[in-house]
Amino acid sequence: MSSTFLGLNTAYTGLQASNAALNTTANNIANVESEGYSRQQVQTQAANPIRSFTTYGCVGAGVDTLAIERVRDLFYDEKFWENNSKLGEYEAKDYYMDIIQKYYKDDDRVKGFNKIFDEFYDALAELAKTPGDVTVRQQAIGFANNLCTYFNEMYTNLQKLQTDINHEMKVNVDRINSISQEICALNKQINVIEMNSGVMANELRDQRDLLVDDLSKIIDVDVEEIDIIDTNSPLRDTGGTRYVVKICGQTLVDGNSYKTLECVPRENNENVNQTDVDGLYDIYFAGDENWTSQDYRDQGDALNLYGGTTCGKLAGLVQMRDGNNGEQFAGTVTTVDTAAQKVTVEVSADYLTDLNKLNLAQTGGIITIGDTRYYYKNWTYNYVEGENGKGTCTFDFELDTVKNSGNNVTIFAATQKLDATIGPDIQYQGIPYYLSQMNEWVRMYSTAYNNIMKSGIQDNGADGLGLFTCENADGKEYTFFDKSSTTTVSFEKTGTPGNTITVTDHDDSYYQLTAGNFKIVDAILKDANKLATRTEQYTGDDHNDVVRSLIDLRTNTKKMSFRGCCADQYLVCMLADVALNAQRAETFKDNYKIMGNTIANQRLSVSGVDNDEEAVNLTKFQQGYNMASKMIQVLTEVYDRLILQTGV
C-alpha cells in the first residue's frame with residue numbers, strides 16, 4: 001500500500017532529476033570549446049510503481065536517475081578514423097611529392113636537365129666545327145661534367161629525402177608508442193571508476209577517443225570494446241570493459257596491456273635496393289631487450305605496413321621511402337645446390353632481365369623462398385641468348401651460411417619450383433623508383449656514348465676512350481670493356497643463340513654505374529687531347545665523324561631509347577611520373593580533407609555541444625525543477641493541513 005507521504009517522495013525524485021539535468025547542462029556549456037568533449041545527457045526512466053491493492057491498480061513512484069552518459073555514435077567515429085587515415089597518407093605523399101617536383105624543376109630561374117643537356121650539345125656542335133681545337137674540346141668536356149654533376153646532386157638530394165622520411169617514420173612510431181601507453185593508462189582508470197562506483201567515466205572516455213583520433217592520422221585503426229563477463233555469474237553486470245585497439249590488423253592495446261613498436265635499422269648488407277641509404281628502419285613489435293636486428297628479422301613480429309589496405313601517415317611515408325612501382329625481385333627457384341648453399345632463380349620481368357634497369361642491392365640481403373627467409377651474400381646474373389631474341393635469365397644466389405645457421409635455416413632441394421622474392425612489392429612510385437629511373441638513363445646513355453667514343457681514335461693513334469665512368473669504393477675507375485673484348489662483362493642482350501652473358505654483383509660492368517657516382521674519365525679531364533673526334537687518324541683535324549655520331553645520339557632512338565623516347569626526352573618522361581603523382585596526392589588530400597570536414601560536422605551534430613540547444617535545455621530543465629519544487633510546496637501545505645489542522 002502506498003505511503004501517505006508518497007507524493008512528497010515522488011516530487012523529490014523529480015527535483016533530483018531536474019537538478020542533475022541542470023548540472024549536466026552547465027557542464028556542457030562550460031566545455032563548448034573543449035577539444036574532444038562529447039555532449040552529456042541524463043538518462044532517466046519511470047520508477048517502479050507501487051501496488052496499492054485498490055481498484056485503480058499501481059501508483060507511480062516518480063523517476064529514477066540512471067546515469068549521465070555521453071552522446072556518441074560509433075558509426076561516425078569509425079568513418080572519421082577511416083577517413084583520417086587516408087588523409088594522413090596523402091598529406092605525407094603530397095608534402096614529399098612537392099619536394100621531388102621542385103628537384104626536377106627546369107625554368108628561367110632553375111637550371112635543370114634540359115638546359116644542362118642543351119648546353120652540352122651546343123658545345124658538341126661547336127666541337128663538330130673545329131674538332132681539333134683543344135679549347136673547344138675542354139669546353140665540351142666541361143659541359144659533360146655539368147651533366148654528371150646534375151645527376152650526382154639529384155641522386156644525393158633524393159637519398160637525403162629518403163633519410164628524412166626514414167627519420168620521420170621513427171618520430172611517428174614514437175608517437176604511436178606514446179599514444180598506446182596513454183590509452184592503456186586510461187583503460188585502467190576507466191575500469192577502476194566504472195567498476196567501483198558504477199558511474200560512467202565520461203571525461204576519461206573522451207580523452208581516450210581523442211587519442212584514437214590522433215592515432216588514426218598516423219596509422220589505420222580498428223577499435224573494439226567488449227564487456228567483461230564474470231564466469232562464475234555470467235548474468236552479473238561487472239561494469240568493466242576490455243578496450244582493444246588494432247593497427248594494420250594487429251593488436252596494439254588490449255585492456256590493461258599494450259605493445260611497443262621498435263624501429264630496427266637494416267644492416268649494411270640487408271638493403272633491398274642498390275640505391276637505398278644505409279640504416280633504413282623496419283618496424284617490429286618489441287621483443288627481448290637483448291635482441292639484435294637479426295633476431296627481429298628472424299623471430300620478431302613485423303608491423304604489416306605493406307598490406308594493400310594499410311593507410312595512414314606512416315603508410316604514406318613507407319610508400320614514399322620504399323615505393324618501387326611494383327618492381328619487386330620475383331622469380332621461381334629452378335636449381336638448388338645444397339652442398340654449396342646456392343639457389344638459382346629464373347626471372348622474366350623486363351626490369352630484372354635488363355641490368356640497366358636492375359636495382360638489386362649488391363651488398364647481400366634477404367631472399368624469401370616460399371615462407372622461409374634466407375640471408376645471401378652475393379648474386380650472379382646469367383642471360384642465355386635464345387632464338388628470335390628471346391632468352392632465359394637467371395640469378396644465382398650464394399647464401400650466407402653463417403647467418404642462416406645461426407637461425408637454424410638450411411636450404412633444401414625441396415625448395416625447387418617455389419616462388420622467391422626480395423623486398424616488398426609496393427605499387428607506388430617512391431624514391432627507389434625515381435633513383436632507378438635515373439640509373440637506367442645514365443647507364444644506357446653512358447653505354448651508347450662510350451661505345452661511340454671507343455669506336456674513334458685519339459690524335460696519337462691510340463684507341464678512343466669512353467667519356468663516362470664511375471669509381472669503386474677504393475677510388476679506382478671502372479673501364480667498362482668493349483663488347484669485342486675477351487674479358488667483357490657487358491650485359492647487353494646481344495649475340496648468337498646459346499651465348500651466355502654472366503655478370504656478378506662486383507664485376508666491372510655498367511651495373512656499377514649510378515647517377516650518384518656518374519663522372520668523367522680522369523684521363524680525359526686531365527688531357528683533352530685524349531678525346532677522340534674521328535675514326536681514322538690521318539684524315540685531318542677537321543674530320544668529325546665521331547662527334548657527328550654523338551650529336552645524332554641525342555635524338556636517334558636506334559642508338560638509345562629510354563622508355564621509348566630519345567635521350568633528350570628524359571625530363572619529359574620523369575616529369576610525366578612526378579607531376580601525375582604530385583597532382584594525384586594533392587587531389588586526394590583535398591578530397592579527403594573535404595570528406596573529413598563533412599564527417600566531423602556529422603559527428604559534431606551528434607556529440608558536439610550546441611549553445612542554442614543547451615539554452616533550450618536550460619529553460620526546459622529549469623521549468624522542471626520549478627515545477628518539482630512547486631509540487632513539494634503544495635504537498636507541504638497539504639500535510640500541514642492534514643497533520644496540524646485536521647480535527648482541531
# chains A, B, ... in the order shown; residues from 1 in each chain; ligands from 1

$ residues_around --residues "stretch 437-446 of chain A" --least-positions-apart "5" --cutoff "7 Å" --atoms "only C-alpha atoms" --output "list of chain:residue names"
A:Asn356, A:Lys357, A:Phe468, A:Tyr510, A:Leu513, A:Thr514, A:Ala515, A:Met560, A:Phe562

$ select_by_dssp --residues "stretch 4-177 of chain A" --states "alpha helix (DSSP H)" --output "number ranges by chain"
A: 6-30, 74-103, 113-129, 134-177

$ write_last_selection --atoms "C-alpha atoms" --output "short mmCIF file (atom, residue, chain, number, x, y, z; two decimals), in the first residue's frame"
data_model
loop_
_atom_site.label_atom_id
_atom_site.label_comp_id
_atom_site.auth_asym_id
_atom_site.auth_seq_id
_atom_site.Cartn_x
_atom_site.Cartn_y
_atom_site.Cartn_z
CA LEU A 6 4.44 9.06 -1.33
CA GLY A 7 3.62 12.24 -3.21
CA LEU A 8 6.38 14.15 -1.43
CA ASN A 9 8.96 11.47 -2.32
CA THR A 10 7.73 11.39 -5.92
CA ALA A 11 8.16 15.14 -6.24
CA TYR A 12 11.61 14.85 -4.68
CA THR A 13 12.78 12.37 -7.36
CA GLY A 14 11.66 14.85 -9.99
CA LEU A 15 13.63 17.57 -8.21
CA GLN A 16 16.73 15.34 -8.24
CA ALA A 17 16.37 14.51 -11.93
CA SER A 18 15.94 18.17 -12.90
CA ASN A 19 18.88 19.19 -10.75
CA ALA A 20 21.10 16.54 -12.39
CA ALA A 21 19.96 17.72 -15.82
CA LEU A 22 20.73 21.35 -14.94
CA ASN A 23 24.21 20.43 -13.67
CA THR A 24 24.87 18.40 -16.83
CA THR A 25 23.72 21.31 -18.99
CA ALA A 26 26.10 23.61 -17.11
CA ASN A 27 28.94 21.15 -17.75
CA ASN A 28 28.10 21.02 -21.47
CA ILE A 29 28.08 24.80 -21.74
CA ALA A 30 31.39 25.07 -19.86
CA LEU A 74 30.40 4.78 -33.05
CA PHE A 75 29.42 4.76 -36.73
CA TYR A 76 30.63 8.34 -37.21
CA ASP A 77 33.73 7.65 -35.12
CA GLU A 78 34.73 4.75 -37.37
CA LYS A 79 34.04 6.79 -40.51
CA PHE A 80 36.16 9.63 -39.13
CA TRP A 81 39.06 7.32 -38.27
CA GLU A 82 38.96 5.66 -41.67
CA ASN A 83 38.95 8.99 -43.50
CA ASN A 84 41.59 10.44 -41.16
CA SER A 85 43.96 7.59 -42.04
CA LYS A 86 43.54 8.26 -45.75
CA LEU A 87 44.06 11.97 -45.18
CA GLY A 88 47.28 11.33 -43.24
CA GLU A 89 48.59 9.08 -46.01
CA TYR A 90 48.02 11.60 -48.79
CA GLU A 91 49.24 14.55 -46.75
CA ALA A 92 52.58 12.78 -46.40
CA LYS A 93 52.67 11.95 -50.11
CA ASP A 94 51.66 15.46 -51.12
CA TYR A 95 54.38 17.03 -48.99
CA TYR A 96 57.22 14.88 -50.32
CA MET A 97 56.00 14.76 -53.92
CA ASP A 98 56.00 18.56 -53.90
CA ILE A 99 59.67 18.47 -52.87
CA ILE A 100 60.53 15.96 -55.61
CA GLN A 101 58.69 18.10 -58.12
CA LYS A 102 60.87 21.05 -57.13
CA TYR A 103 64.00 18.92 -57.60
CA PHE A 113 68.27 18.77 -67.08
CA ASN A 114 67.05 20.36 -70.32
CA LYS A 115 69.25 23.43 -70.05
CA ILE A 116 72.31 21.45 -69.00
CA PHE A 117 71.77 18.88 -71.74
CA ASP A 118 71.20 21.65 -74.33
CA GLU A 119 74.43 23.38 -73.28
CA PHE A 120 76.30 20.09 -73.58
CA TYR A 121 75.05 19.52 -77.12
CA ASP A 122 75.65 23.13 -78.09
CA ALA A 123 79.27 22.53 -77.07
CA LEU A 124 79.32 19.33 -79.18
CA ALA A 125 78.01 21.33 -82.13
CA GLU A 126 80.88 23.78 -81.70
CA LEU A 127 83.28 20.84 -81.45
CA ALA A 128 81.95 19.50 -84.74
CA LYS A 129 83.01 22.76 -86.39
CA VAL A 134 91.76 21.80 -77.64
CA THR A 135 89.91 24.75 -76.09
CA VAL A 136 86.64 23.69 -77.69
CA ARG A 137 87.27 20.12 -76.55
CA GLN A 138 87.81 21.30 -72.97
CA GLN A 139 84.60 23.29 -73.16
CA ALA A 140 82.65 20.20 -74.33
CA ILE A 141 84.19 18.13 -71.53
CA GLY A 142 83.25 20.82 -69.02
CA PHE A 143 79.59 20.77 -70.07
CA ALA A 144 79.62 16.96 -69.97
CA ASN A 145 80.91 17.26 -66.40
CA ASN A 146 77.98 19.59 -65.64
CA LEU A 147 75.65 16.80 -66.75
CA CYS A 148 77.37 14.41 -64.35
CA THR A 149 77.11 16.95 -61.54
CA TYR A 150 73.38 17.39 -62.21
CA PHE A 151 72.72 13.67 -61.76
CA ASN A 152 75.08 13.47 -58.76
CA GLU A 153 73.16 16.24 -56.99
CA MET A 154 69.75 14.80 -57.91
CA TYR A 155 70.84 11.43 -56.59
CA THR A 156 72.15 12.96 -53.37
CA ASN A 157 69.01 15.06 -52.87
CA LEU A 158 66.70 12.09 -53.30
CA GLN A 159 68.79 9.97 -50.94
CA LYS A 160 68.71 12.77 -48.35
CA LEU A 161 64.96 12.90 -48.78
CA GLN A 162 64.81 9.16 -48.19
CA THR A 163 66.81 9.68 -44.99
CA ASP A 164 64.44 12.46 -43.87
CA ILE A 165 61.43 10.21 -44.46
CA ASN A 166 63.14 7.45 -42.52
CA HIS A 167 63.65 9.76 -39.55
CA GLU A 168 60.06 10.98 -39.73
CA MET A 169 58.89 7.37 -39.62
CA LYS A 170 60.69 6.94 -36.29
CA VAL A 171 59.07 10.11 -34.93
CA ASN A 172 55.65 8.70 -35.80
CA VAL A 173 56.48 5.31 -34.31
CA ASP A 174 57.49 7.04 -31.07
CA ARG A 175 54.17 8.90 -31.13
CA ILE A 176 52.28 5.60 -31.58
CA ASN A 177 54.11 4.18 -28.56
#

$ closest_residue --among "A:Gly406, A:Gly461, A:Gly386, A:Gly326" --to "A:Pro432" --atoms "only C-alpha atoms"
A:Gly326

$ residues_around --residues "stretch 362-377 of chain A" --least-positions-apart "4" --cutoff "7 Å" --atoms "only C-alpha atoms" --output "PyMOL selection string"
chain A and resi 269-272+274+397-400+403-404+418-422+505

$ write_last_selection --atoms "N, CA and C atoms" --output "CSV table (one decimal), in the first residue's frame"
chain,number,residue,atom,x,y,z
A,269,ASN,N,74.4,-4.9,-45.1
A,269,ASN,CA,74.2,-6.0,-46.1
A,269,ASN,C,72.8,-6.5,-46.1
A,270,GLU,N,71.8,-5.6,-45.7
A,270,GLU,CA,70.4,-6.0,-45.7
A,270,GLU,C,69.6,-5.0,-46.6
A,271,ASN,N,70.2,-4.2,-47.3
A,271,ASN,CA,69.4,-3.2,-48.1
A,271,ASN,C,68.7,-4.0,-49.2
A,272,VAL,N,67.5,-3.5,-49.5
A,272,VAL,CA,66.6,-4.1,-50.5
A,272,VAL,C,67.0,-3.6,-51.9
A,274,GLN,N,69.7,-1.2,-54.5
A,274,GLN,CA,71.0,-0.7,-54.7
A,274,GLN,C,71.1,0.7,-54.3
A,397,PHE,N,72.2,-17.1,-56.4
A,397,PHE,CA,72.4,-16.5,-55.1
A,397,PHE,C,73.2,-17.4,-54.2
A,398,GLU,N,74.3,-16.9,-53.7
A,398,GLU,CA,75.1,-17.6,-52.7
A,398,GLU,C,74.7,-17.2,-51.3
A,399,LEU,N,74.2,-18.2,-50.6
A,399,LEU,CA,73.6,-18.0,-49.3
A,399,LEU,C,74.7,-17.8,-48.2
A,400,ASP,N,74.3,-17.0,-47.2
A,400,ASP,CA,75.2,-16.7,-46.1
A,400,ASP,C,75.1,-17.8,-45.1
A,403,LYS,N,75.0,-16.7,-41.1
A,403,LYS,CA,73.8,-16.1,-40.6
A,403,LYS,C,72.6,-17.1,-40.6
A,404,ASN,N,72.5,-17.9,-41.7
A,404,ASN,CA,71.4,-18.8,-41.8
A,404,ASN,C,71.6,-19.9,-40.8
A,418,LEU,N,59.5,-23.3,-56.0
A,418,LEU,CA,58.9,-22.3,-55.1
A,418,LEU,C,59.2,-20.9,-55.6
A,419,ASP,N,58.3,-20.0,-55.2
A,419,ASP,CA,58.5,-18.6,-55.5
A,419,ASP,C,59.6,-18.0,-54.6
A,420,ALA,N,60.4,-17.1,-55.2
A,420,ALA,CA,61.4,-16.4,-54.5
A,420,ALA,C,61.2,-14.9,-54.7
A,421,THR,N,61.3,-14.2,-53.6
A,421,THR,CA,61.2,-12.7,-53.7
A,421,THR,C,62.2,-12.0,-52.8
A,422,ILE,N,62.5,-10.8,-53.2
A,422,ILE,CA,63.4,-9.9,-52.3
A,422,ILE,C,62.7,-8.6,-52.2
A,505,ASP,N,77.8,-9.5,-59.0
A,505,ASP,CA,77.5,-8.2,-58.4
A,505,ASP,C,78.7,-7.3,-58.2

$ residues_around --residues "A:Asp459" --least-positions-apart "6" --cutoff "8 Å" --atoms "only C-alpha atoms" --output "list in words"
Asn529, Lys530, Ala532 and Gln537 of chain A

$ atom_distance --atom1 "atom CA of A:Gly331" --atom2 "atom CA of A:Gly391"
15.2 Å

$ atom_distance --atom1 "atom CA of A:Pro49" --atom2 "atom CA of A:Ala61"
5.2 Å

$ select_by_dssp --residues "stretch 204-352 of chain A" --states "strand (DSSP E or B)" --output "JSON, numbers by chain"
{"A": [221, 222, 223, 224, 225, 226, 227, 228, 229, 237, 238, 239, 240, 241, 242, 243, 244, 245, 246, 247, 250, 251, 252, 253, 254, 257, 258, 261, 262, 263, 264, 265, 273, 281, 282, 283, 284, 285, 301, 302, 324, 329, 330, 331, 332, 333, 334, 335, 336, 337, 342, 343, 344, 345, 346, 347]}

$ residues_around --residues "A:Tyr434" --least-positions-apart "6" --cutoff "9 Å" --atoms "only C-alpha atoms" --output "list of chain:residue names"
A:Leu158, A:Asn324, A:Met574, A:Asp577, A:Val578
